[in-house]
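Reproduced below: coords_0.txt, with compact mmCIF, C-alpha atoms and all ligand atoms.
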# COMPACT_ATOMS: atom_id res chain seq x y z
CA MET A 1 24.65 -20.56 -7.65
CA GLY A 2 21.60 -22.80 -7.34
CA VAL A 3 18.75 -22.93 -9.78
CA PRO A 4 16.40 -20.14 -8.70
CA ASN A 5 12.96 -21.25 -7.59
CA ASP A 6 9.88 -19.22 -8.39
CA ASP A 7 8.20 -19.27 -4.98
CA PRO A 8 6.19 -16.15 -4.20
CA CYS A 9 8.18 -13.55 -2.28
CA LEU A 10 5.29 -11.08 -2.02
CA THR A 11 1.61 -11.99 -1.96
CA ILE A 12 -1.07 -9.34 -1.75
CA THR A 13 -4.69 -10.46 -1.62
CA GLY A 14 -7.72 -8.18 -1.61
CA LEU A 15 -5.73 -5.30 -0.11
CA ILE A 16 -7.83 -2.45 1.25
CA ARG A 17 -6.37 0.83 2.48
CA ASP A 18 -8.27 3.86 3.69
CA CYS A 19 -6.49 7.20 4.01
CA GLY A 20 -7.44 10.54 5.43
CA PRO A 21 -9.25 12.27 6.96
CA VAL A 22 -9.52 14.34 3.77
CA PRO A 23 -10.39 18.04 4.44
CA GLY A 24 -12.15 18.36 1.06
CA LEU A 25 -14.44 15.46 1.98
CA ASP A 26 -15.65 16.90 5.30
CA GLY A 27 -12.88 15.05 7.06
CA LYS A 28 -13.99 11.62 5.77
CA MET A 29 -11.55 8.85 4.92
CA ILE A 30 -11.11 7.82 1.30
CA ARG A 31 -10.64 4.26 0.10
CA VAL A 32 -7.36 4.44 -1.77
CA LEU A 33 -7.03 0.70 -2.30
CA ALA A 34 -10.24 -1.25 -2.80
CA GLY A 35 -8.99 -4.74 -3.62
CA VAL A 36 -5.45 -5.05 -4.93
CA ASP A 37 -4.18 -8.53 -5.78
CA PHE A 38 -0.51 -8.90 -6.63
CA THR A 39 2.01 -11.73 -6.46
CA ALA A 40 5.74 -11.39 -7.10
CA ARG A 41 7.98 -14.44 -7.40
CA ARG A 42 11.64 -15.10 -6.82
CA GLY A 43 13.70 -15.14 -10.00
CA GLN A 44 11.20 -12.89 -11.79
CA VAL A 45 10.67 -9.20 -12.51
CA THR A 46 7.08 -8.28 -11.69
CA ALA A 47 5.84 -4.87 -12.80
CA LEU A 48 3.09 -2.87 -11.13
CA LEU A 49 1.58 -0.41 -13.59
CA GLY A 50 -1.12 2.17 -13.14
CA ALA A 51 -1.95 5.75 -14.07
CA ASN A 52 -1.16 8.64 -11.70
CA GLY A 53 -3.15 8.17 -8.52
CA ALA A 54 -4.03 4.52 -9.26
CA GLY A 55 -2.55 3.38 -5.94
CA LYS A 56 0.92 2.06 -6.83
CA THR A 57 2.86 3.91 -4.11
CA THR A 58 0.28 3.04 -1.47
CA THR A 59 0.40 -0.63 -2.51
CA LEU A 60 4.19 -0.71 -2.31
CA GLU A 61 4.24 1.11 1.02
CA CYS A 62 1.83 -1.50 2.42
CA ALA A 63 4.06 -4.22 0.95
CA GLN A 64 7.15 -2.72 2.59
CA GLY A 65 5.40 -2.36 5.96
CA LEU A 66 5.48 1.45 5.85
CA GLN A 67 1.67 1.70 6.09
CA PRO A 68 -0.86 -0.44 7.97
CA ILE A 69 -3.62 -2.16 6.00
CA ASP A 70 -7.39 -1.95 6.49
CA GLY A 71 -8.36 -5.25 4.90
CA GLY A 72 -7.05 -8.17 2.89
CA GLU A 73 -3.62 -9.67 3.40
CA VAL A 74 0.00 -8.78 2.62
CA LEU A 75 2.78 -11.33 3.04
CA LEU A 76 6.36 -10.30 2.34
CA LEU A 77 8.66 -13.33 2.48
CA GLY A 78 5.88 -15.09 4.38
CA GLN A 79 5.40 -12.40 7.05
CA ALA A 80 2.96 -9.52 7.53
CA PRO A 81 5.35 -6.58 6.96
CA TYR A 82 3.64 -3.89 9.06
CA GLY A 83 5.20 -3.94 12.51
CA ALA A 84 7.60 -6.75 11.57
CA GLY A 85 11.13 -6.62 12.96
CA ALA A 86 14.37 -5.41 11.40
CA ASP A 87 15.13 -8.95 10.20
CA LEU A 88 12.40 -8.75 7.56
CA ARG A 89 13.39 -5.23 6.48
CA ALA A 90 16.98 -6.39 6.02
CA ARG A 91 15.80 -8.99 3.50
CA ALA A 92 14.11 -6.38 1.26
CA GLY A 93 15.99 -3.69 -0.69
CA VAL A 94 14.13 -0.53 -1.63
CA MET A 95 15.14 1.98 -4.27
CA LEU A 96 12.98 5.07 -4.08
CA GLN A 97 12.59 7.56 -6.88
CA ASP A 98 14.09 10.47 -4.95
CA GLY A 99 16.82 8.19 -3.64
CA GLY A 100 16.38 9.11 0.03
CA LEU A 101 20.18 9.44 0.24
CA PRO A 102 21.90 11.81 2.71
CA PRO A 103 22.91 14.84 0.59
CA SER A 104 26.29 15.44 2.20
CA ALA A 105 27.49 11.81 2.02
CA ARG A 106 29.99 10.60 -0.60
CA PRO A 107 28.85 7.60 -2.66
CA VAL A 108 31.48 4.94 -1.89
CA ALA A 109 31.86 5.87 1.79
CA LEU A 110 28.06 5.73 2.10
CA LEU A 111 27.88 2.30 0.46
CA ARG A 112 30.63 0.97 2.76
CA HIS A 113 28.78 2.38 5.75
CA ILE A 114 25.53 0.66 4.69
CA ALA A 115 27.39 -2.59 3.98
CA GLY A 116 28.73 -2.49 7.54
CA MET A 117 25.17 -2.70 8.88
CA TYR A 118 24.46 -6.06 7.24
CA ALA A 119 25.59 -9.55 8.17
CA ASP A 120 26.21 -10.69 4.58
CA PRO A 121 26.61 -7.63 2.34
CA ARG A 122 27.43 -7.60 -1.35
CA ASP A 123 30.93 -6.61 -2.39
CA VAL A 124 30.90 -2.79 -2.55
CA ASP A 125 33.80 -2.57 -5.04
CA SER A 126 32.09 -4.78 -7.57
CA LEU A 127 28.79 -2.85 -7.25
CA VAL A 128 30.69 0.44 -7.68
CA ASP A 129 32.44 -0.94 -10.71
CA ARG A 130 29.28 -2.46 -12.20
CA LEU A 131 27.24 0.71 -11.88
CA GLY A 132 30.05 3.05 -12.99
CA ILE A 133 30.09 4.88 -9.65
CA GLY A 134 33.92 5.03 -9.45
CA SER A 135 34.20 8.20 -11.55
CA PHE A 136 32.20 10.19 -8.96
CA ALA A 137 33.12 8.09 -5.90
CA LYS A 138 34.06 11.08 -3.75
CA THR A 139 31.60 13.69 -5.00
CA GLY A 140 28.93 14.67 -2.48
CA ILE A 141 25.48 13.20 -3.24
CA ARG A 142 23.95 16.69 -3.55
CA ARG A 143 26.32 17.52 -6.42
CA LEU A 144 25.54 14.38 -8.44
CA SER A 145 23.34 14.42 -11.52
CA GLY A 146 19.92 12.74 -11.29
CA GLY A 147 21.17 9.68 -13.17
CA GLN A 148 24.29 9.34 -11.00
CA ARG A 149 22.19 9.61 -7.86
CA GLN A 150 19.83 6.98 -9.24
CA ARG A 151 22.73 4.54 -9.69
CA VAL A 152 23.96 5.17 -6.13
CA ALA A 153 20.39 4.59 -4.88
CA LEU A 154 20.29 1.25 -6.72
CA ALA A 155 23.66 0.25 -5.23
CA ALA A 156 22.40 1.26 -1.76
CA ALA A 157 19.29 -0.91 -2.21
CA LEU A 158 21.46 -3.87 -3.25
CA VAL A 159 24.37 -3.66 -0.86
CA GLY A 160 22.54 -5.51 1.92
CA ASN A 161 22.15 -8.49 -0.43
CA PRO A 162 18.34 -8.53 -0.31
CA GLU A 163 16.07 -11.38 -1.41
CA VAL A 164 13.44 -8.95 -2.69
CA LEU A 165 14.15 -5.69 -4.45
CA PHE A 166 11.60 -2.88 -4.85
CA LEU A 167 12.40 -0.45 -7.66
CA ASP A 168 10.33 2.70 -8.11
CA GLU A 169 10.84 4.04 -11.65
CA PRO A 170 14.35 2.56 -11.96
CA SER A 171 15.25 4.21 -15.26
CA ALA A 172 13.98 7.71 -14.40
CA GLY A 173 16.63 10.26 -15.32
CA LEU A 174 19.06 7.74 -16.81
CA ASP A 175 20.80 8.33 -20.12
CA PRO A 176 20.68 5.44 -22.64
CA GLN A 177 24.06 3.99 -21.52
CA SER A 178 23.16 4.03 -17.82
CA ARG A 179 19.72 2.62 -18.59
CA GLN A 180 21.37 -0.27 -20.43
CA ILE A 181 23.73 -0.93 -17.48
CA VAL A 182 20.85 -0.83 -14.99
CA PHE A 183 18.68 -3.12 -17.16
CA GLU A 184 21.46 -5.67 -17.53
CA LEU A 185 22.03 -5.64 -13.77
CA ILE A 186 18.30 -6.13 -13.10
CA GLN A 187 18.27 -9.10 -15.47
CA GLU A 188 21.34 -10.62 -13.78
CA LEU A 189 19.81 -10.17 -10.32
CA ARG A 190 16.64 -11.83 -11.54
CA ASP A 191 18.71 -14.74 -12.85
CA GLU A 192 20.41 -14.98 -9.44
CA GLY A 193 16.95 -15.59 -7.97
CA LEU A 194 16.00 -12.20 -6.55
CA GLY A 195 12.34 -11.27 -6.64
CA ILE A 196 12.19 -7.85 -8.30
CA ILE A 197 9.17 -5.58 -8.06
CA LEU A 198 9.13 -2.63 -10.36
CA THR A 199 6.80 0.31 -10.77
CA THR A 200 7.13 2.40 -13.86
CA HIS A 201 5.29 4.83 -16.06
CA LEU A 202 7.53 3.81 -18.94
CA LEU A 203 5.61 0.98 -20.51
CA ASP A 204 8.56 0.32 -22.75
CA ASP A 205 10.62 -0.55 -19.64
CA ALA A 206 7.93 -2.95 -18.44
CA GLN A 207 7.71 -4.49 -21.90
CA LYS A 208 11.50 -5.07 -21.92
CA LEU A 209 12.03 -6.20 -18.33
CA ALA A 210 8.90 -7.68 -16.80
CA ASP A 211 8.19 -11.39 -16.64
CA TYR A 212 4.75 -10.64 -15.26
CA VAL A 213 2.68 -7.46 -15.20
CA TYR A 214 -0.14 -6.25 -12.96
CA ILE A 215 -2.18 -3.21 -13.94
CA ILE A 216 -4.09 -1.39 -11.22
CA ASP A 217 -6.70 1.28 -11.69
CA ALA A 218 -8.62 3.21 -9.03
CA GLY A 219 -7.20 1.00 -6.29
CA ARG A 220 -8.02 -2.38 -7.84
CA THR A 221 -6.15 -4.93 -9.92
CA VAL A 222 -7.73 -4.78 -13.38
CA ALA A 223 -5.38 -6.98 -15.41
CA ARG A 224 -2.50 -9.38 -14.95
CA GLY A 225 -0.40 -11.56 -17.21
CA THR A 226 2.84 -11.82 -19.11
CA VAL A 227 3.46 -9.06 -21.63
CA ALA A 228 2.69 -11.61 -24.36
CA GLU A 229 -0.60 -12.58 -22.73
CA LEU A 230 -1.68 -9.00 -22.19
CA THR A 231 -0.87 -7.91 -25.70
CA ALA A 232 -2.25 -11.06 -27.35
CA ARG A 233 -5.35 -10.71 -29.40
CA THR A 234 -8.43 -11.82 -27.53
CA ALA A 235 -12.02 -12.10 -28.67
CA ASP A 236 -12.64 -8.61 -27.32
CA HIS A 237 -9.64 -7.20 -29.03
CA ALA A 238 -9.72 -9.13 -32.27
CA ALA A 239 -9.13 -5.90 -34.13
CA GLY A 240 -5.68 -5.83 -32.61
CA ARG A 241 -3.62 -5.46 -35.74
CA GLU A 242 -2.94 -2.60 -37.97
CA MET A 243 -1.08 -2.44 -41.25
CA THR A 244 0.15 0.76 -42.83
CA PHE A 245 1.72 1.26 -46.23
CA THR A 246 2.72 4.19 -48.37
CA ALA A 247 1.97 4.27 -52.07
CA PRO A 248 0.77 6.81 -54.66
CA ALA A 249 -2.08 8.99 -53.36
CA GLY A 250 -5.68 8.56 -54.46
CA LEU A 251 -5.91 4.77 -54.93
CA SER A 252 -9.45 3.40 -55.15
CA LEU A 253 -10.33 2.01 -51.73
CA SER A 254 -12.85 -0.42 -53.14
CA VAL A 255 -11.09 -3.79 -52.89
CA PRO A 256 -13.69 -6.58 -52.60
CA ALA A 257 -11.19 -9.21 -51.39
CA LEU A 258 -10.33 -6.98 -48.42
CA ASP A 259 -13.74 -5.61 -47.55
CA HIS A 260 -13.79 -7.32 -44.13
CA LEU A 261 -10.94 -4.95 -43.16
CA ILE A 262 -11.19 -1.20 -42.78
CA LEU A 263 -9.06 0.45 -45.46
CA THR A 264 -8.49 4.20 -45.21
CA GLU A 265 -6.17 6.77 -46.73
CA GLU A 266 -5.17 8.67 -43.59
CA ALA A 267 -3.08 11.26 -45.42
CA PRO A 268 -2.33 11.52 -49.14
CA GLY A 269 -0.45 8.32 -50.02
CA SER A 270 -0.54 6.92 -46.48
CA TYR A 271 -2.92 3.96 -46.14
CA THR A 272 -4.07 1.99 -43.10
CA LEU A 273 -5.80 -1.37 -42.86
CA ARG A 274 -7.37 -2.36 -39.56
CA GLY A 275 -9.19 -5.47 -38.47
CA THR A 276 -8.80 -9.19 -38.05
CA PHE A 277 -6.19 -10.25 -40.55
CA ALA A 278 -5.83 -13.74 -41.98
CA PRO A 279 -2.61 -14.75 -43.72
CA ALA A 280 -4.54 -14.85 -47.02
CA ASP A 281 -5.17 -11.10 -46.69
CA LEU A 282 -1.51 -10.50 -47.41
CA VAL A 283 -1.93 -12.44 -50.65
CA ASN A 284 -5.07 -10.40 -51.48
CA LEU A 285 -3.17 -7.20 -50.81
CA ALA A 286 -0.34 -8.25 -53.09
CA VAL A 287 -2.85 -9.17 -55.83
CA TRP A 288 -4.45 -5.71 -55.51
CA TRP A 289 -1.08 -3.95 -55.69
CA ASN A 290 -0.08 -6.13 -58.63
CA ASP A 291 -3.36 -5.43 -60.51
CA ALA A 292 -2.96 -1.70 -59.88
CA GLY A 293 0.72 -1.77 -60.87
CA ILE A 294 1.83 -0.44 -57.46
CA LEU A 295 4.96 -1.19 -55.50
CA PRO A 296 4.48 0.33 -51.99
CA ASP A 297 7.30 2.51 -50.68
CA SER A 298 6.94 1.08 -47.16
CA ILE A 299 4.87 -1.58 -45.39
CA HIS A 300 4.46 -1.93 -41.64
CA MET A 301 2.36 -4.32 -39.57
CA ALA A 302 2.09 -4.06 -35.78
CA SER A 303 0.20 -5.72 -32.96
CA ARG A 304 -0.88 -4.16 -29.71
CA THR A 305 1.75 -2.88 -27.33
CA LEU A 306 1.53 -2.83 -23.55
CA GLU A 307 0.76 0.87 -23.92
CA ASP A 308 -2.37 0.11 -25.98
CA VAL A 309 -3.55 -2.38 -23.33
CA PHE A 310 -2.79 0.07 -20.54
CA LEU A 311 -4.74 2.87 -22.21
CA GLU A 312 -7.70 0.59 -22.91
CA LEU A 313 -7.86 -0.46 -19.26
CA SER A 314 -6.97 2.80 -17.53
CA GLY A 315 -8.86 5.06 -19.87
CA ARG A 316 -7.32 7.62 -22.19
CA GLU A 317 -8.46 10.63 -20.23
CA ILE A 318 -6.27 12.21 -17.56
CA ARG A 319 -7.42 11.91 -13.93
N1 LIG A 401 -2.78 9.93 3.06
C1 LIG A 401 -3.62 10.18 2.06
N2 LIG A 401 -4.68 10.97 2.24
C2 LIG A 401 -5.54 11.22 1.24
N3 LIG A 401 -5.43 10.70 0.00
C3 LIG A 401 -4.38 9.90 -0.25
C4 LIG A 401 -3.41 9.60 0.77
N4 LIG A 401 -2.49 8.76 0.21
C5 LIG A 401 -2.85 8.59 -1.08
N5 LIG A 401 -3.98 9.27 -1.36
C6 LIG A 401 -4.69 9.28 -2.66
O1 LIG A 401 -4.79 7.95 -3.09
C7 LIG A 401 -4.60 7.84 -4.50
C8 LIG A 401 -3.49 6.85 -4.80
O2 LIG A 401 -2.23 7.41 -4.46
P1 LIG A 401 -0.84 6.71 -4.81
O3 LIG A 401 0.23 7.68 -4.42
O4 LIG A 401 -0.81 5.37 -4.21
O5 LIG A 401 -0.94 6.61 -6.39
P2 LIG A 401 0.19 6.24 -7.47
O6 LIG A 401 -0.40 5.20 -8.34
O7 LIG A 401 1.48 5.91 -6.80
O8 LIG A 401 0.33 7.60 -8.27
P3 LIG A 401 1.59 8.31 -9.04
O9 LIG A 401 1.80 7.52 -10.28
O10 LIG A 401 1.04 9.66 -9.35
O11 LIG A 401 2.76 8.32 -8.10
C9 LIG A 401 -4.35 9.25 -4.99
O12 LIG A 401 -5.56 9.77 -5.48
C10 LIG A 401 -3.89 9.98 -3.74
O13 LIG A 401 -4.24 11.33 -3.83
Show this structure as structure tokens.
Amino acid sequence: MGVPNDDPCLTITGLIRDCGPVPGLDGKMIRVLAGVDFTARRGQVTALLGANGAGKTTTLECAQGLQPIDGGEVLLLGQAPYGAGADLRARAGVMLQDGGLPPSARPVALLRHIAGMYADPRDVDSLVDRLGIGSFAKTGIRRLSGGQRQRVALAAALVGNPEVLFLDEPSAGLDPQSRQIVFELIQELRDEGLGIILTTHLLDDAQKLADYVYIIDAGRTVARGTVAELTARTADHAAGREMTFTAPAGLSLSVPALDHLILTEEAPGSYTLRGTFAPADLVNLAVWWNDAGILPDSIHMASRTLEDVFLELSGREIR
């Protein structure tokens, strides 16, 4: 296996998409995508995040050539996907949330059938083994649990040996063991050089898997970066840290050495410090505890998670 390169496999620039006509808007079209930028690279997992209705599905459908575009540019493996031939489709694997699998088919027979349609398919037996499909190999798709169906859908997306893999909510419905298996497989495929594009509502999944993250809101790209970059403290978000500790209730909150931080007793005996911490603040805290004769029962310090960033950018209210 060669060293994977990180060339772009999907480039979306200023994507505009109008849909409709919408009956509630007197039959007018609505601008669903108003400038989405997104680049996915080979050998990386790139996550597309956004609240409900942000435009993720529409973006991916434009990327897969399932919808035309009204402005901007989409290049999948160097080609405009809408109207492209079967050759391009064969190079992209798509795992949809509802699977899109024929309900009466049996998993292994279906995978062998799909493999037969490709020039250079993956080995079906090893995929079946890897994804634990053997134990329900001959059960009809309609009788499978959601998590089993999800694993068959992933195998079906991979069997054609694609260069780019689109995964819509890959861990939806999976139990912890299956989720672990699927995550390990995604990481291996990434290391093989596949470009993997993932949409998810589970920010924890994005935090664990994604090399690069794009956040879209109301049809536009509003943030991009590695998880570390997005969660790093910036000038705007200098108050990005929070420390909590538990100690006896009713301590005096007047601590001059810490008065640049906000110290509150959120519940009896449960204290929170927020603000821009310097390492010396930990010394000042220890001096305060020492002077007051306190040994805290627990201490916890955390920085922002991807979820905090997402909520700041997409708003906390439901749309
Ligand atoms: N054909 C259409 N006609 C009218 N409105 C549409 C059409 N397609 C999408 N929309 C609207 O565009 C917006 C974006 O939809 P899209 O399905 O891309 O969002 P999403 O980010 O995938 O949402 P979710 O997380 O809920 O799946 C939504 O408000 C949706 O109602």
Counting only C-alpha atoms and all ligand atoms, name the residues that have an atom within 7 Å of an atom of ligand LIG 401 (chain A); the answer should be given as an mmCIF file with C-alpha atoms, keeping the file's coordinate frame.
data_model
loop_
_atom_site.group_PDB
_atom_site.id
_atom_site.type_symbol
_atom_site.label_atom_id
_atom_site.label_comp_id
_atom_site.auth_asym_id
_atom_site.auth_seq_id
_atom_site.Cartn_x
_atom_site.Cartn_y
_atom_site.Cartn_z
ATOM 1 C CA CYS A 19 -6.490 7.200 4.010
ATOM 2 C CA GLY A 20 -7.440 10.540 5.430
ATOM 3 C CA PRO A 21 -9.250 12.270 6.960
ATOM 4 C CA VAL A 22 -9.520 14.340 3.770
ATOM 5 C CA ILE A 30 -11.110 7.820 1.300
ATOM 6 C CA VAL A 32 -7.360 4.440 -1.770
ATOM 7 C CA GLY A 50 -1.120 2.170 -13.140
ATOM 8 C CA ALA A 51 -1.950 5.750 -14.070
ATOM 9 C CA ASN A 52 -1.160 8.640 -11.700
ATOM 10 C CA GLY A 53 -3.150 8.170 -8.520
ATOM 11 C CA ALA A 54 -4.030 4.520 -9.260
ATOM 12 C CA GLY A 55 -2.550 3.380 -5.940
ATOM 13 C CA LYS A 56 0.920 2.060 -6.830
ATOM 14 C CA THR A 57 2.860 3.910 -4.110
ATOM 15 C CA THR A 58 0.280 3.040 -1.470
ATOM 16 C CA THR A 59 0.400 -0.630 -2.510
#
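Minimum atom-to-atom distance to Arg241 (chain A), evaluated using only C-alpha atoms, belongs to A:Ala302 out of A:Leu203, A:Ala302, A:Leu154, A:Leu295.
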When you draw a straight line from CA of Asp211 (chain A) to CA of Val45 (chain A), how long is it in Å?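 We find that CA of Asp211 (chain A) and CA of Val45 (chain A) lie 5.3 Å from each other.
Compared by their closest atoms to Thr305 (chain A), and using all atoms listed in the file, the residues A:Cys62, A:Leu209, A:Val227, A:Val124 rank with A:Val227 nearest.
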Using CA of Thr139 (chain A) and CA of His113 (chain A) as the two end points, give the distance in Å to one decimal.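 Value for the CA of Thr139 (chain A)-CA of His113 (chain A) distance: 15.9 Å.
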Which protein, DNA or RNA residues have an atom at most 12 Å from (1.2, -5.3, -19.7), counting all atoms listed in the file? List them as an MDAnalysis selection string. chainID A and resid 46:50 199:216 222:232 304:314
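Counting only C-alpha atoms, the residue from A:Leu285, A:Ile181, A:Ala40, A:Ile133 that sits nearest to Gln148 (chain A) is A:Ile133.
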For Arg142 (chain A), list every protein, DNA or RNA residue within 10 Å, evaluated using only C-alpha atoms, and leave out those in the same chain fewer than 4 positions away; present the list as number ranges by chain. A: 101-106, 146, 149
What's the 12 Å shell around Ala278 (chain A), counting only C-alpha atoms, without same-chain residues fewer than 3 positions away, as a count of residues only? 14
Which residues, protein or nucleic acid, reach to within 12 Å of (13.1, 2.3, -5.8) in the file's coordinates when using all atoms listed in the file, and can you give that as a ChimeraX atom specification? /A:57,60-61,64,92-101,149-158,164-172,196-200
Just the selected residues (C-alpha atoms), exported as a CSV table (one decimal), in the coordinates of the input, please.
chain,number,residue,atom,x,y,z
A,57,THR,CA,2.9,3.9,-4.1
A,60,LEU,CA,4.2,-0.7,-2.3
A,61,GLU,CA,4.2,1.1,1.0
A,64,GLN,CA,7.2,-2.7,2.6
A,92,ALA,CA,14.1,-6.4,1.3
A,93,GLY,CA,16.0,-3.7,-0.7
A,94,VAL,CA,14.1,-0.5,-1.6
A,95,MET,CA,15.1,2.0,-4.3
A,96,LEU,CA,13.0,5.1,-4.1
A,97,GLN,CA,12.6,7.6,-6.9
A,98,ASP,CA,14.1,10.5,-5.0
A,99,GLY,CA,16.8,8.2,-3.6
A,100,GLY,CA,16.4,9.1,0.0
A,101,LEU,CA,20.2,9.4,0.2
A,149,ARG,CA,22.2,9.6,-7.9
A,150,GLN,CA,19.8,7.0,-9.2
A,151,ARG,CA,22.7,4.5,-9.7
A,152,VAL,CA,24.0,5.2,-6.1
A,153,ALA,CA,20.4,4.6,-4.9
A,154,LEU,CA,20.3,1.2,-6.7
A,155,ALA,CA,23.7,0.2,-5.2
A,156,ALA,CA,22.4,1.3,-1.8
A,157,ALA,CA,19.3,-0.9,-2.2
A,158,LEU,CA,21.5,-3.9,-3.2
A,164,VAL,CA,13.4,-9.0,-2.7
A,165,LEU,CA,14.2,-5.7,-4.4
A,166,PHE,CA,11.6,-2.9,-4.8
A,167,LEU,CA,12.4,-0.4,-7.7
A,168,ASP,CA,10.3,2.7,-8.1
A,169,GLU,CA,10.8,4.0,-11.6
A,170,PRO,CA,14.4,2.6,-12.0
A,171,SER,CA,15.2,4.2,-15.3
A,172,ALA,CA,14.0,7.7,-14.4
A,196,ILE,CA,12.2,-7.8,-8.3
A,197,ILE,CA,9.2,-5.6,-8.1
A,198,LEU,CA,9.1,-2.6,-10.4
A,199,THR,CA,6.8,0.3,-10.8
A,200,THR,CA,7.1,2.4,-13.9
Find the residue from A:Leu263, A:Leu111, A:Ala90, A:Leu76 that sits nearest to Pro8 (chain A); use only C-alpha atoms when measuring.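 Under the stated criterion, the closest residue is A:Leu76.
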Could you work out how far CA of Asp7 (chain A) lies from CA of Gly219 (chain A), giving the answer in Å with one decimal?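 If I compute the distance from CA of Gly219 (chain A) to CA of Asp7 (chain A), I get 25.5 Å.
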Pick the closest to Ile186 (chain A) from A:Pro268, A:Gly43, A:Gly116, A:Gly27: which is it, counting only C-alpha atoms?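 Of A:Pro268, A:Gly43, A:Gly116, A:Gly27, the one nearest Ile186 (chain A), counting only C-alpha atoms, is A:Gly43.
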Find the spatial neighbours of Asp6 (chain A), counting only C-alpha atoms, within a cut-off of 10 Å - ignore same-chain residues fewer than 5 positions away - and output them as a PyMOL selection string. chain A and resi 40-44+193-195
Nearest to Glu184 (chain A) by atom-to-atom distance, counting all atoms listed in the file, from A:Val287, A:Ala218, A:Leu131, A:Leu10: A:Leu131
